[in-house]
$ cat coords_19.cif   # mmCIF, C-alpha atoms
data_entry
#
loop_
_atom_site.label_atom_id
_atom_site.label_comp_id
_atom_site.auth_asym_id
_atom_site.auth_seq_id
_atom_site.Cartn_x
_atom_site.Cartn_y
_atom_site.Cartn_z
CA MET A 1 108.19 121.57 78.57
CA LYS A 2 109.68 118.15 79.06
CA ILE A 3 110.74 117.93 75.44
CA TYR A 4 113.26 120.74 76.04
CA GLY A 5 115.04 118.47 78.50
CA VAL A 6 114.95 115.54 76.10
CA ALA A 7 116.25 117.81 73.34
CA LEU A 8 119.10 119.03 75.57
CA LEU A 9 119.94 115.41 76.35
CA ALA A 10 119.83 114.59 72.64
CA ALA A 11 122.12 117.50 71.81
CA CYS A 12 124.68 116.43 74.43
CA PHE A 13 124.39 112.81 73.30
CA LEU A 14 124.97 113.57 69.61
CA LEU A 15 127.75 116.05 70.29
CA GLY A 16 129.48 113.56 72.58
CA LYS A 17 129.18 110.76 70.04
CA LEU A 18 130.50 113.12 67.37
CA LEU A 19 133.50 113.98 69.54
CA GLY A 20 134.10 110.27 70.14
CA ARG A 21 134.03 109.52 66.42
CA LEU A 22 136.24 112.51 65.61
CA LEU A 23 138.76 111.40 68.20
CA GLY A 24 138.68 107.91 66.72
CA HIS A 25 139.22 109.38 63.28
CA LEU A 26 142.19 111.42 64.55
CA LEU A 27 143.73 108.36 66.14
CA ASN A 28 143.05 106.25 63.07
CA ILE A 29 140.74 103.93 65.00
CA ASN A 30 137.43 103.20 63.36
CA SER A 31 135.31 103.31 66.51
CA ASP A 32 133.67 105.62 69.02
CA ILE A 33 136.38 106.66 71.46
CA GLY A 34 134.70 107.67 74.71
CA GLY A 35 131.62 109.26 73.12
CA VAL A 36 129.25 108.37 75.96
CA GLY A 37 131.72 109.75 78.49
CA PHE A 38 132.04 113.02 76.58
CA ALA A 39 128.25 113.25 76.31
CA MET A 40 127.87 112.75 80.08
CA PHE A 41 130.43 115.43 80.75
CA LEU A 42 128.63 117.81 78.36
CA LEU A 43 125.30 117.14 80.09
CA MET A 44 126.81 117.76 83.53
CA THR A 45 128.43 121.05 82.53
CA SER A 46 125.55 122.34 80.42
CA SER A 47 123.01 121.58 83.15
CA ILE A 48 125.11 123.47 85.69
CA TYR A 49 125.42 126.43 83.32
CA LEU A 50 121.72 126.44 82.45
CA ARG A 51 120.74 126.12 86.10
CA LYS A 52 122.86 129.15 86.94
CA LYS A 53 121.13 131.09 84.16
CA LYS A 54 117.80 129.88 85.61
CA TRP A 55 116.90 128.44 82.22
CA LEU A 56 116.71 124.88 83.41
CA VAL A 57 113.31 124.67 85.09
CA LEU A 58 112.05 121.57 86.89
CA GLU A 59 109.68 120.65 84.08
CA THR A 60 112.57 120.65 81.60
CA GLU A 61 114.69 118.55 83.95
CA LYS A 62 111.91 115.98 84.23
CA GLY A 63 112.42 115.13 80.57
CA ILE A 64 115.99 114.11 81.38
CA TRP A 65 115.08 112.41 84.65
CA PHE A 66 112.70 110.11 82.82
CA TRP A 67 115.47 108.73 80.63
CA SER A 68 117.80 108.57 83.58
CA ALA A 69 115.27 106.37 85.37
CA MET A 70 114.86 104.18 82.28
CA TYR A 71 118.48 103.12 82.16
CA ILE A 72 118.17 100.07 84.39
CA PRO A 73 115.11 98.71 82.50
CA ILE A 74 116.95 99.32 79.23
CA ILE A 75 120.03 97.50 80.51
CA VAL A 76 117.79 94.59 81.51
CA ALA A 77 116.29 94.52 78.01
CA MET A 78 119.80 94.61 76.56
CA THR A 79 121.03 91.70 78.66
CA SER A 80 118.14 89.59 77.38
CA THR A 81 119.33 90.10 73.79
CA LEU A 82 123.00 89.15 74.29
CA ASN A 83 124.65 86.04 72.91
CA VAL A 84 124.84 84.28 76.27
CA LYS A 85 125.15 80.77 74.88
CA ALA A 86 128.50 81.68 73.35
CA ALA A 87 129.45 83.48 76.56
CA LEU A 88 128.84 80.49 78.81
CA SER A 89 132.49 79.42 78.60
CA GLY A 90 133.41 82.84 79.98
CA GLY A 91 131.21 82.41 83.04
CA VAL A 92 134.18 81.46 85.21
CA LEU A 93 136.01 84.56 84.05
CA ALA A 94 133.06 86.74 85.05
CA VAL A 95 132.87 85.26 88.55
CA VAL A 96 136.62 85.27 89.19
CA LEU A 97 137.07 88.77 87.82
CA GLY A 98 134.01 90.22 89.57
CA ILE A 99 135.20 88.92 92.93
CA ALA A 100 138.87 89.80 92.39
CA ALA A 101 138.17 93.37 91.29
CA THR A 102 135.81 93.96 94.21
CA ALA A 103 138.13 92.46 96.82
CA ILE A 104 141.21 94.37 95.67
CA CYS A 105 139.33 97.68 95.50
CA MET A 106 137.89 97.09 98.97
CA PHE A 107 141.29 96.60 100.47
CA MET A 108 142.46 99.84 98.87
CA VAL A 109 139.91 101.76 100.97
CA PRO A 110 142.09 102.22 104.10
CA VAL A 111 145.10 103.15 101.93
CA ILE A 112 143.37 105.93 99.98
CA SER A 113 141.39 107.07 103.04
CA LYS A 114 144.68 108.34 104.45
CA ILE A 115 144.68 111.15 101.87
CA GLY A 116 143.40 114.44 103.27
CA ARG A 117 141.50 112.92 106.16
CA GLU A 118 141.79 116.10 108.29
CA LYS A 119 140.27 118.32 105.62
CA SER A 120 137.42 116.02 104.77
CA ILE A 121 133.70 116.31 105.42
CA ASP A 122 133.63 114.33 108.65
CA SER A 123 135.96 116.72 110.42
CA GLN A 124 134.11 119.71 108.97
CA ASN A 125 130.87 118.44 110.39
CA LYS A 126 132.21 117.55 113.80
CA MET B 1 96.19 83.56 68.99
CA GLU B 2 97.12 84.89 65.58
CA ILE B 3 95.49 88.23 66.39
CA ILE B 4 97.56 88.50 69.57
CA ASN B 5 100.72 87.74 67.60
CA THR B 6 99.89 90.44 65.08
CA VAL B 7 99.21 93.04 67.76
CA ILE B 8 102.46 92.26 69.58
CA GLY B 9 104.42 91.90 66.35
CA LYS B 10 103.37 95.34 65.21
CA ASN B 11 104.02 96.91 68.62
CA GLY B 12 107.24 95.20 69.65
CA LEU B 13 108.74 98.09 71.56
CA VAL B 14 105.60 98.63 73.62
CA PHE B 15 105.48 94.92 74.42
CA ALA B 16 109.12 95.16 75.51
CA PHE B 17 108.17 97.93 77.97
CA LEU B 18 105.58 95.58 79.45
CA CYS B 19 108.01 92.64 79.66
CA VAL B 20 110.76 94.66 81.33
CA GLY B 21 108.25 96.23 83.68
CA ILE B 22 107.15 92.78 84.81
CA ILE B 23 110.78 91.65 85.23
CA MET B 24 111.54 94.75 87.34
CA LEU B 25 108.44 94.25 89.47
CA PHE B 26 109.29 90.61 90.07
CA SER B 27 112.97 91.22 90.85
CA THR B 28 112.21 94.08 93.23
CA TRP B 29 109.76 91.79 95.02
CA VAL B 30 112.31 88.95 95.20
CA SER B 31 114.97 91.36 96.47
CA LYS B 32 112.69 92.65 99.19
CA TYR B 33 110.95 89.53 100.43
CA VAL B 34 113.16 86.59 99.42
CA THR B 35 116.67 87.95 99.88
CA ASN B 36 115.66 90.51 102.52
CA LYS B 37 117.32 93.28 100.42
CA LYS B 38 120.62 91.39 100.65
CA ILE B 39 120.86 91.35 96.85
CA PRO B 40 119.80 94.51 94.97
CA GLY B 41 116.75 94.20 92.71
CA VAL B 42 118.84 95.53 89.82
CA ALA B 43 121.24 92.60 90.03
CA ILE B 44 118.36 90.11 90.11
CA ALA B 45 116.71 91.81 87.12
CA ILE B 46 119.92 91.59 85.10
CA ILE B 47 120.36 87.93 86.01
CA ILE B 48 116.79 87.30 84.82
CA GLY B 49 117.61 89.20 81.62
CA LEU B 50 120.72 87.11 81.02
CA SER B 51 118.80 83.88 81.68
CA LEU B 52 116.01 84.89 79.28
CA ALA B 53 118.69 85.34 76.62
CA PHE B 54 119.25 81.55 76.76
CA LEU B 55 115.82 81.09 75.15
CA GLY B 56 117.19 82.45 71.88
CA ASP B 57 120.49 82.23 70.02
CA GLU B 58 122.95 84.91 68.89
CA LYS B 59 120.51 87.71 69.59
CA GLY B 60 119.14 86.23 72.79
CA ILE B 61 115.42 86.35 73.37
CA SER B 62 114.92 88.74 70.44
CA ASN B 63 115.52 85.77 68.13
CA ILE B 64 111.96 84.78 69.05
CA PRO B 65 109.74 87.00 66.84
CA LEU B 66 107.38 87.75 69.71
CA PHE B 67 110.20 89.36 71.69
CA ALA B 68 111.89 91.20 68.82
CA GLY B 69 111.03 94.48 70.54
CA MET B 70 113.53 93.73 73.31
CA ALA B 71 116.29 94.37 70.77
CA ILE B 72 114.87 97.85 70.10
CA LEU B 73 114.51 98.75 73.78
CA GLY B 74 117.88 97.24 74.67
CA GLY B 75 119.63 98.44 71.52
CA PRO B 76 122.77 100.57 71.74
CA MET B 77 121.04 103.84 70.80
CA LEU B 78 118.44 103.93 73.58
CA ARG B 79 120.93 102.40 76.01
CA ASP B 80 123.59 105.04 75.49
CA PHE B 81 120.91 107.74 75.54
CA ALA B 82 119.66 106.59 78.95
CA VAL B 83 123.19 106.14 80.31
CA VAL B 84 124.05 109.72 79.34
CA ALA B 85 120.89 110.91 81.12
CA THR B 86 122.16 109.43 84.40
CA ALA B 87 124.83 112.14 84.39
CA MET B 88 122.07 114.41 85.73
CA SER B 89 122.29 112.74 89.13
CA ALA B 90 126.02 113.38 89.31
CA ASP B 91 126.30 116.95 90.51
CA LEU B 92 129.66 118.27 89.34
CA SER B 93 129.57 121.06 91.92
CA LYS B 94 129.62 118.38 94.63
CA ILE B 95 132.86 116.85 93.45
CA ARG B 96 134.69 119.40 95.58
CA GLN B 97 133.10 117.86 98.67
CA ALA B 98 134.57 114.54 97.70
CA GLY B 99 137.99 116.13 97.99
CA LEU B 100 141.31 114.86 96.76
CA ALA B 101 140.81 111.44 98.34
CA GLY B 102 137.50 111.02 96.49
CA LEU B 103 139.08 111.95 93.16
CA VAL B 104 142.06 109.66 93.69
CA ALA B 105 139.68 106.87 94.69
CA LEU B 106 137.62 107.35 91.50
CA VAL B 107 140.61 107.30 89.16
CA MET B 108 142.24 104.42 91.03
CA GLY B 109 138.96 102.50 91.19
CA VAL B 110 138.43 102.62 87.44
CA SER B 111 142.10 101.96 86.63
CA ILE B 112 142.61 99.08 89.07
CA SER B 113 139.42 97.31 87.99
CA PHE B 114 140.36 97.73 84.34
CA ILE B 115 143.91 96.43 84.83
CA ILE B 116 142.72 93.40 86.81
CA GLY B 117 140.14 92.76 84.08
CA VAL B 118 142.74 92.84 81.34
CA LEU B 119 145.17 90.65 83.31
CA ILE B 120 142.59 88.00 84.17
CA GLY B 121 141.20 88.17 80.62
CA LEU B 122 144.68 87.57 79.24
CA SER B 123 145.31 84.68 81.60
CA MET B 124 142.07 83.06 80.42
CA GLY B 125 143.13 83.20 76.81
CA TYR B 126 141.57 86.39 75.45
CA THR B 127 144.03 88.16 73.16
CA ASN B 128 141.79 90.39 71.05
CA ILE B 129 142.33 94.00 72.19
CA GLU B 130 138.66 95.01 71.84
CA SER B 131 137.60 91.97 73.90
CA LEU B 132 140.21 92.68 76.58
CA THR B 133 139.14 96.33 76.80
CA THR B 134 135.50 95.27 77.12
CA ILE B 135 136.28 92.73 79.83
CA GLY B 136 138.36 95.33 81.69
CA ALA B 137 135.47 97.79 81.36
CA GLY B 138 133.07 95.15 82.68
CA ALA B 139 135.23 94.90 85.79
CA CYS B 140 134.29 98.56 86.39
CA THR B 141 130.49 98.27 86.18
CA TYR B 142 127.90 96.42 84.12
CA ILE B 143 127.24 99.67 82.25
CA VAL B 144 130.81 100.55 81.33
CA GLY B 145 131.30 97.06 79.85
CA PRO B 146 128.55 97.10 77.21
CA VAL B 147 129.01 100.81 76.43
CA THR B 148 132.71 100.19 75.77
CA GLY B 149 132.09 96.92 73.96
CA THR B 150 129.56 98.41 71.55
CA ALA B 151 131.71 101.49 70.91
CA LEU B 152 134.69 99.33 69.99
CA GLY B 153 132.70 96.70 68.14
CA ALA B 154 133.34 93.78 70.50
CA SER B 155 131.30 90.60 70.00
CA SER B 156 128.01 90.00 71.80
CA ASP B 157 129.32 87.11 73.90
CA VAL B 158 132.21 89.21 75.23
CA ILE B 159 129.73 91.97 76.08
CA ALA B 160 127.63 89.35 77.93
CA ILE B 161 130.71 88.33 79.92
CA SER B 162 131.40 91.97 80.79
CA VAL B 163 127.82 92.47 82.02
CA ALA B 164 128.01 89.29 84.10
CA THR B 165 131.30 90.48 85.62
CA GLY B 166 129.71 93.77 86.60
CA VAL B 167 126.76 91.96 88.16
CA VAL B 168 129.06 89.68 90.18
CA LYS B 169 130.83 92.83 91.38
CA THR B 170 127.52 94.42 92.45
CA ILE B 171 126.37 91.33 94.32
CA PHE B 172 129.75 90.70 95.93
CA THR B 173 129.99 94.35 97.02
CA THR B 174 126.51 94.24 98.56
CA ILE B 175 127.18 91.05 100.50
CA CYS B 176 130.76 91.72 101.57
CA THR B 177 130.64 95.39 102.54
CA PRO B 178 129.06 94.86 105.97
CA LEU B 179 131.37 91.88 106.58
CA VAL B 180 134.64 93.69 105.88
CA ALA B 181 133.59 97.20 106.94
CA LYS B 182 135.51 97.05 110.21
CA LYS B 183 138.62 95.61 108.63
CA ILE B 184 138.83 98.33 105.98
CA GLN B 185 137.94 101.07 108.51
CA LEU B 186 134.72 101.90 106.71
CA ASP B 187 133.09 103.68 109.61
CA ASN B 188 133.21 107.38 108.70
CA PRO B 189 131.97 109.61 105.84
CA HIS B 190 135.50 110.15 104.53
CA ALA B 191 136.09 106.42 104.11
CA ALA B 192 132.62 106.04 102.56
CA ILE B 193 133.49 108.64 99.89
CA VAL B 194 136.68 106.72 99.12
CA PHE B 195 134.77 103.43 99.14
CA GLY B 196 132.18 104.75 96.66
CA GLY B 197 134.91 105.97 94.35
CA LEU B 198 136.88 102.73 94.45
CA LEU B 199 133.98 100.30 94.02
CA GLY B 200 131.82 102.46 91.76
CA THR B 201 128.90 100.08 91.30
CA THR B 202 126.25 102.48 92.61
CA SER B 203 123.60 99.88 93.39
CA GLY B 204 126.16 97.69 95.17
CA VAL B 205 127.72 100.59 97.06
CA VAL B 206 124.35 101.95 98.21
CA ALA B 207 123.03 98.53 99.27
CA GLY B 208 126.31 97.56 100.94
CA LEU B 209 126.61 100.80 102.87
CA ALA B 210 122.93 100.65 103.87
CA ALA B 211 123.61 97.27 105.45
CA THR B 212 126.70 98.67 107.21
CA ASP B 213 125.57 102.09 108.39
CA GLU B 214 122.62 103.92 106.84
CA GLU B 215 124.28 107.29 107.47
CA LEU B 216 127.19 106.50 105.16
CA VAL B 217 124.99 105.92 102.08
CA PRO B 218 124.93 109.52 100.70
CA TYR B 219 128.72 109.78 101.01
CA GLY B 220 129.31 106.58 99.06
CA ALA B 221 126.73 107.60 96.45
CA LEU B 222 128.44 110.98 96.04
CA THR B 223 131.50 109.47 94.36
CA SER B 224 130.02 106.32 92.85
CA THR B 225 127.62 108.36 90.67
CA PHE B 226 130.67 109.72 88.85
CA TYR B 227 132.26 106.31 88.39
CA THR B 228 130.26 105.03 85.43
CA GLY B 229 130.74 108.32 83.57
CA LEU B 230 134.46 108.26 84.20
CA GLY B 231 134.61 104.62 83.13
CA CYS B 232 132.69 105.33 79.91
CA LEU B 233 135.08 108.17 79.24
CA LEU B 234 138.37 106.39 80.01
CA CYS B 235 137.86 102.75 79.01
CA PRO B 236 137.01 103.13 75.30
CA SER B 237 139.47 106.00 74.85
CA LEU B 238 142.65 106.34 76.89
CA PHE B 239 142.75 102.76 78.18
CA TYR B 240 141.94 101.27 74.78
CA VAL B 241 144.62 103.38 73.09
CA ILE B 242 147.17 102.38 75.73
CA LEU B 243 146.29 98.70 75.30
CA ARG B 244 146.64 99.05 71.53
CA ALA B 245 150.03 100.66 71.97
CA ILE B 246 151.13 97.78 74.20
CA PHE B 247 149.82 94.93 72.04
CA LEU B 248 150.23 96.23 68.50
#
$ encode --input "coords_19.cif" --output "structure tokens"
Amino acid sequence: MKIYGVALLAACFLLGKLLGRLLGHLLNINSDIGGVGFAMFLLMTSSIYLRKKKWLVLETEKGIWFWSAMYIPIIVAMTSTLNVKAALSGGVLAVVLGIAATAICMFMVPVISKIGREKSIDSQNK
Amino acid sequence: MEIINTVIGKNGLVFAFLCVGIIMLFSTWVSKYVTNKKIPGVAIAIIIGLSLAFLGDEKGISNIPLFAGMAILGGPMLRDFAVVATAMSADLSKIRQAGLAGLVALVMGVSISFIIGVLIGLSMGYTNIESLTTIGAGACTYIVGPVTGTALGASSDVIAISVATGVVKTIFTTICTPLVAKKIQLDNPHAAIVFGGLLGTTSGVVAGLAATDEELVPYGALTSTFYTGLGCLLCPSLFYVILRAIFL
């Protein structure tokens, strides 16, 4: 049943958020420290484990896939509820930063590509 | 008219589904037929979302009672829930295929974007640590920004800036990838894996690689699907703590 997948997702989500809050508490910071990241990691590992055990059937997975497909629409809904009027002054920052970050990362491609080129997929395939 | 208002008012979330569905339909159409797939539909949809927010005030379009449901659909709970669900498409067993170069690219990609974000944020007068972390996270992707911002309690306008930064990154990646592909030796699967890890914006990476060489798309997607997860893990935790240690 699809709800099993949704429930698994909910379990990972809550556990991750809990870990984030606990970490924040330990560090004396009153916020969620990496909760979503922990939750994603939990979902990845638990789905691998459950798949190995053959407990994660397609129907169950579909419950998770639905929410995975909803993330872009939800992000769009979120953007429409942000305080953009106050953010207008930061528009230049967004453009400059978006372009700078992209350009610098692009020019890192040939540098990092040098790592382990011989062992990589392309030579395996050829 | 009053009856319509009552029906929508009582079913805000459902109305929000309809609104977002129409936005997605329209932006996919614009992407396909107006921009000839040069700009991903996702980026157009987010730009429409941001523009709609101008109709309201602090809470964007949800300030208008008719659209109050948008705040439920786009609220932090459902958003984080859906973002976590995307981890399903990142197959951890495939990370070995990405190899050392892919891993280095992922870590470097998130770190470099974050550092540039913080530096440019600082130079433009942002000194609040939560804001700087959110802006740095926005330089990763338009998901990492709001997830980080909400977790740390950053203000809505800073979160909007971080989303806009991520969207600029997506659009710029899509447009520039085919133009610089030769220069950055992006012509083999190995380089595509590194490229996906460094840039991380999945929609931008996929669209950019498709315009360069269709065969490279799965390799770029392999690493970029991990990027947002890694960003959501590192930005509000390790990076935030480091920034606090530096500034406090």
$ closest_residue --input "coords_19.cif" --among "B:Thr174, B:Thr133, B:Thr225, B:Ser62" --to "chain A" --atoms "only C-alpha atoms"
B:Ser62
$ resolve_selection --input "coords_19.cif" --expression "the PyMOL selection byres ((chain A and resi 35-47) around 9)" --output "tab-separated table (two decimals) with C-alpha atoms, in the coordinates of the input"
chain	number	residue	atom	x	y	z
A	8	LEU	CA	119.10	119.03	75.57
A	9	LEU	CA	119.94	115.41	76.35
A	11	ALA	CA	122.12	117.50	71.81
A	12	CYS	CA	124.68	116.43	74.43
A	13	PHE	CA	124.39	112.81	73.30
A	14	LEU	CA	124.97	113.57	69.61
A	15	LEU	CA	127.75	116.05	70.29
A	16	GLY	CA	129.48	113.56	72.58
A	17	LYS	CA	129.18	110.76	70.04
A	18	LEU	CA	130.50	113.12	67.37
A	19	LEU	CA	133.50	113.98	69.54
A	20	GLY	CA	134.10	110.27	70.14
A	21	ARG	CA	134.03	109.52	66.42
A	23	LEU	CA	138.76	111.40	68.20
A	32	ASP	CA	133.67	105.62	69.02
A	33	ILE	CA	136.38	106.66	71.46
A	34	GLY	CA	134.70	107.67	74.71
A	48	ILE	CA	125.11	123.47	85.69
A	49	TYR	CA	125.42	126.43	83.32
A	50	LEU	CA	121.72	126.44	82.45
A	51	ARG	CA	120.74	126.12	86.10
A	52	LYS	CA	122.86	129.15	86.94
A	56	LEU	CA	116.71	124.88	83.41
A	61	GLU	CA	114.69	118.55	83.95
B	80	ASP	CA	123.59	105.04	75.49
B	81	PHE	CA	120.91	107.74	75.54
B	83	VAL	CA	123.19	106.14	80.31
B	84	VAL	CA	124.05	109.72	79.34
B	85	ALA	CA	120.89	110.91	81.12
B	86	THR	CA	122.16	109.43	84.40
B	87	ALA	CA	124.83	112.14	84.39
B	88	MET	CA	122.07	114.41	85.73
B	89	SER	CA	122.29	112.74	89.13
B	90	ALA	CA	126.02	113.38	89.31
B	91	ASP	CA	126.30	116.95	90.51
B	92	LEU	CA	129.66	118.27	89.34
B	147	VAL	CA	129.01	100.81	76.43
B	148	THR	CA	132.71	100.19	75.77
B	151	ALA	CA	131.71	101.49	70.91
B	228	THR	CA	130.26	105.03	85.43
B	229	GLY	CA	130.74	108.32	83.57
B	230	LEU	CA	134.46	108.26	84.20
B	231	GLY	CA	134.61	104.62	83.13
B	232	CYS	CA	132.69	105.33	79.91
B	233	LEU	CA	135.08	108.17	79.24
B	234	LEU	CA	138.37	106.39	80.01
B	236	PRO	CA	137.01	103.13	75.30
B	237	SER	CA	139.47	106.00	74.85
$ residues_around --input "coords_19.cif" --residues "range 89-98 of chain A" --least-positions-apart "4" --cutoff "6 Å" --atoms "only C-alpha atoms" --output "PyMOL selection string"
chain B and resi 161+164-165+168-169
$ resolve_selection --input "coords_19.cif" --expression "the PyMOL selection byres ((chain A and resi 79) around 8)" --output "PyMOL selection string"
(chain A and resi 75-78+80-82) or (chain B and resi 46+49-50+53+74+160+163)
$ closest_residue --input "coords_19.cif" --among "B:Tyr126, B:Phe195, B:Phe15, B:Phe226" --to "chain A" --atoms "only C-alpha atoms"
B:Phe195
$ residues_around --input "coords_19.cif" --residues "Ile22 in chain B" --least-positions-apart "6" --cutoff "10 Å" --atoms "all atoms listed in the file" --output "number ranges by chain"
B: 16, 28, 45
$ write_last_selection --input "coords_19.cif" --atoms "C-alpha atoms" --output "PDB file, in the coordinates of the input"
ATOM      1  CA  ALA B  16     109.120  95.160  75.510  1.00  0.00           C
ATOM      2  CA  THR B  28     112.210  94.080  93.230  1.00  0.00           C
ATOM      3  CA  ALA B  45     116.710  91.810  87.120  1.00  0.00           C
TER       4      ALA B  45
END
$ closest_residue --input "coords_19.cif" --among "B:Ala154, B:Gly196, B:Ala82, B:Leu186" --to "Gly63 in chain A" --atoms "all atoms listed in the file"
B:Ala82
$ residues_around --input "coords_19.cif" --residues "range 103-105 of chain A" --least-positions-apart "2" --cutoff "12 Å" --atoms "all atoms listed in the file" --output "MDAnalysis selection string"
(chainID A and resid 96:101 107:112) or (chainID B and resid 105:117 139:140 168:170 172:177 179:180 184 194:201)
$ write_last_selection --input "coords_19.cif" --atoms "C-alpha atoms" --output "mmCIF file, in the coordinates of the input"
data_model
loop_
_atom_site.group_PDB
_atom_site.id
_atom_site.type_symbol
_atom_site.label_atom_id
_atom_site.label_comp_id
_atom_site.auth_asym_id
_atom_site.auth_seq_id
_atom_site.Cartn_x
_atom_site.Cartn_y
_atom_site.Cartn_z
ATOM 1 C CA VAL A 96 136.620 85.270 89.190
ATOM 2 C CA LEU A 97 137.070 88.770 87.820
ATOM 3 C CA GLY A 98 134.010 90.220 89.570
ATOM 4 C CA ILE A 99 135.200 88.920 92.930
ATOM 5 C CA ALA A 100 138.870 89.800 92.390
ATOM 6 C CA ALA A 101 138.170 93.370 91.290
ATOM 7 C CA PHE A 107 141.290 96.600 100.470
ATOM 8 C CA MET A 108 142.460 99.840 98.870
ATOM 9 C CA VAL A 109 139.910 101.760 100.970
ATOM 10 C CA PRO A 110 142.090 102.220 104.100
ATOM 11 C CA VAL A 111 145.100 103.150 101.930
ATOM 12 C CA ILE A 112 143.370 105.930 99.980
ATOM 13 C CA ALA B 105 139.680 106.870 94.690
ATOM 14 C CA LEU B 106 137.620 107.350 91.500
ATOM 15 C CA VAL B 107 140.610 107.300 89.160
ATOM 16 C CA MET B 108 142.240 104.420 91.030
ATOM 17 C CA GLY B 109 138.960 102.500 91.190
ATOM 18 C CA VAL B 110 138.430 102.620 87.440
ATOM 19 C CA SER B 111 142.100 101.960 86.630
ATOM 20 C CA ILE B 112 142.610 99.080 89.070
ATOM 21 C CA SER B 113 139.420 97.310 87.990
ATOM 22 C CA PHE B 114 140.360 97.730 84.340
ATOM 23 C CA ILE B 115 143.910 96.430 84.830
ATOM 24 C CA ILE B 116 142.720 93.400 86.810
ATOM 25 C CA GLY B 117 140.140 92.760 84.080
ATOM 26 C CA ALA B 139 135.230 94.900 85.790
ATOM 27 C CA CYS B 140 134.290 98.560 86.390
ATOM 28 C CA VAL B 168 129.060 89.680 90.180
ATOM 29 C CA LYS B 169 130.830 92.830 91.380
ATOM 30 C CA THR B 170 127.520 94.420 92.450
ATOM 31 C CA PHE B 172 129.750 90.700 95.930
ATOM 32 C CA THR B 173 129.990 94.350 97.020
ATOM 33 C CA THR B 174 126.510 94.240 98.560
ATOM 34 C CA ILE B 175 127.180 91.050 100.500
ATOM 35 C CA CYS B 176 130.760 91.720 101.570
ATOM 36 C CA THR B 177 130.640 95.390 102.540
ATOM 37 C CA LEU B 179 131.370 91.880 106.580
ATOM 38 C CA VAL B 180 134.640 93.690 105.880
ATOM 39 C CA ILE B 184 138.830 98.330 105.980
ATOM 40 C CA VAL B 194 136.680 106.720 99.120
ATOM 41 C CA PHE B 195 134.770 103.430 99.140
ATOM 42 C CA GLY B 196 132.180 104.750 96.660
ATOM 43 C CA GLY B 197 134.910 105.970 94.350
ATOM 44 C CA LEU B 198 136.880 102.730 94.450
ATOM 45 C CA LEU B 199 133.980 100.300 94.020
ATOM 46 C CA GLY B 200 131.820 102.460 91.760
ATOM 47 C CA THR B 201 128.900 100.080 91.300
#
$ atom_distance --input "coords_19.cif" --atom1 "CA of Gly208 in chain B" --atom2 "CA of Ala101 in chain B"
20.2 Å
$ atom_distance --input "coords_19.cif" --atom1 "CA of Val167 in chain B" --atom2 "CA of Val14 in chain B"
26.5 Å
$ atom_distance --input "coords_19.cif" --atom1 "CA of Gly99 in chain B" --atom2 "CA of Leu238 in chain B"
23.7 Å
$ closest_residue --input "coords_19.cif" --among "A:Lys53, A:His25, A:Tyr4, A:Ala10" --to "chain B" --atoms "only C-alpha atoms"
A:Ala10
$ residues_around --input "coords_19.cif" --residues "Gly69 in chain B" --least-positions-apart "2" --cutoff "12 Å" --atoms "only C-alpha atoms" --output "number ranges by chain"
A: 74, 77-78, 80-81; B: 8-20, 59-67, 71-75
$ closest_residue --input "coords_19.cif" --among "B:Gly136, B:Pro189, B:Gly145, B:Pro178" --to "chain A" --atoms "all atoms listed in the file"
B:Pro189
$ closest_residue --input "coords_19.cif" --among "A:Ile115, A:Leu58, A:Met106, A:Ala87" --to "Ser156 in chain B" --atoms "all atoms listed in the file"
A:Ala87
$ resolve_selection --input "coords_19.cif" --expression "the PyMOL selection byres ((chain B and resi 131) around 9)" --output "list in words"
Gly121, Tyr126, Thr127, Asn128, Ile129, Glu130, Leu132, Thr133, Thr134, Ile135, Gly136, Gly149, Leu152, Gly153, Ala154, Ser155, Val158 and Ile159 of chain B
$ write_last_selection --input "coords_19.cif" --atoms "C-alpha atoms" --output "PDB file, in the coordinates of the input"
ATOM      1  CA  GLY B 121     141.200  88.170  80.620  1.00  0.00           C
ATOM      2  CA  TYR B 126     141.570  86.390  75.450  1.00  0.00           C
ATOM      3  CA  THR B 127     144.030  88.160  73.160  1.00  0.00           C
ATOM      4  CA  ASN B 128     141.790  90.390  71.050  1.00  0.00           C
ATOM      5  CA  ILE B 129     142.330  94.000  72.190  1.00  0.00           C
ATOM      6  CA  GLU B 130     138.660  95.010  71.840  1.00  0.00           C
ATOM      7  CA  LEU B 132     140.210  92.680  76.580  1.00  0.00           C
ATOM      8  CA  THR B 133     139.140  96.330  76.800  1.00  0.00           C
ATOM      9  CA  THR B 134     135.500  95.270  77.120  1.00  0.00           C
ATOM     10  CA  ILE B 135     136.280  92.730  79.830  1.00  0.00           C
ATOM     11  CA  GLY B 136     138.360  95.330  81.690  1.00  0.00           C
ATOM     12  CA  GLY B 149     132.090  96.920  73.960  1.00  0.00           C
ATOM     13  CA  LEU B 152     134.690  99.330  69.990  1.00  0.00           C
ATOM     14  CA  GLY B 153     132.700  96.700  68.140  1.00  0.00           C
ATOM     15  CA  ALA B 154     133.340  93.780  70.500  1.00  0.00           C
ATOM     16  CA  SER B 155     131.300  90.600  70.000  1.00  0.00           C
ATOM     17  CA  VAL B 158     132.210  89.210  75.230  1.00  0.00           C
ATOM     18  CA  ILE B 159     129.730  91.970  76.080  1.00  0.00           C
TER      19      ILE B 159
END
$ residues_around --input "coords_19.cif" --residues "Glu215 in chain B" --least-positions-apart "4" --cutoff "10 Å" --atoms "only C-alpha atoms" --output "list in words"
Asp187, Asn188, Pro189, Ala192, Leu209, Ala210, Tyr219 and Gly220 of chain B
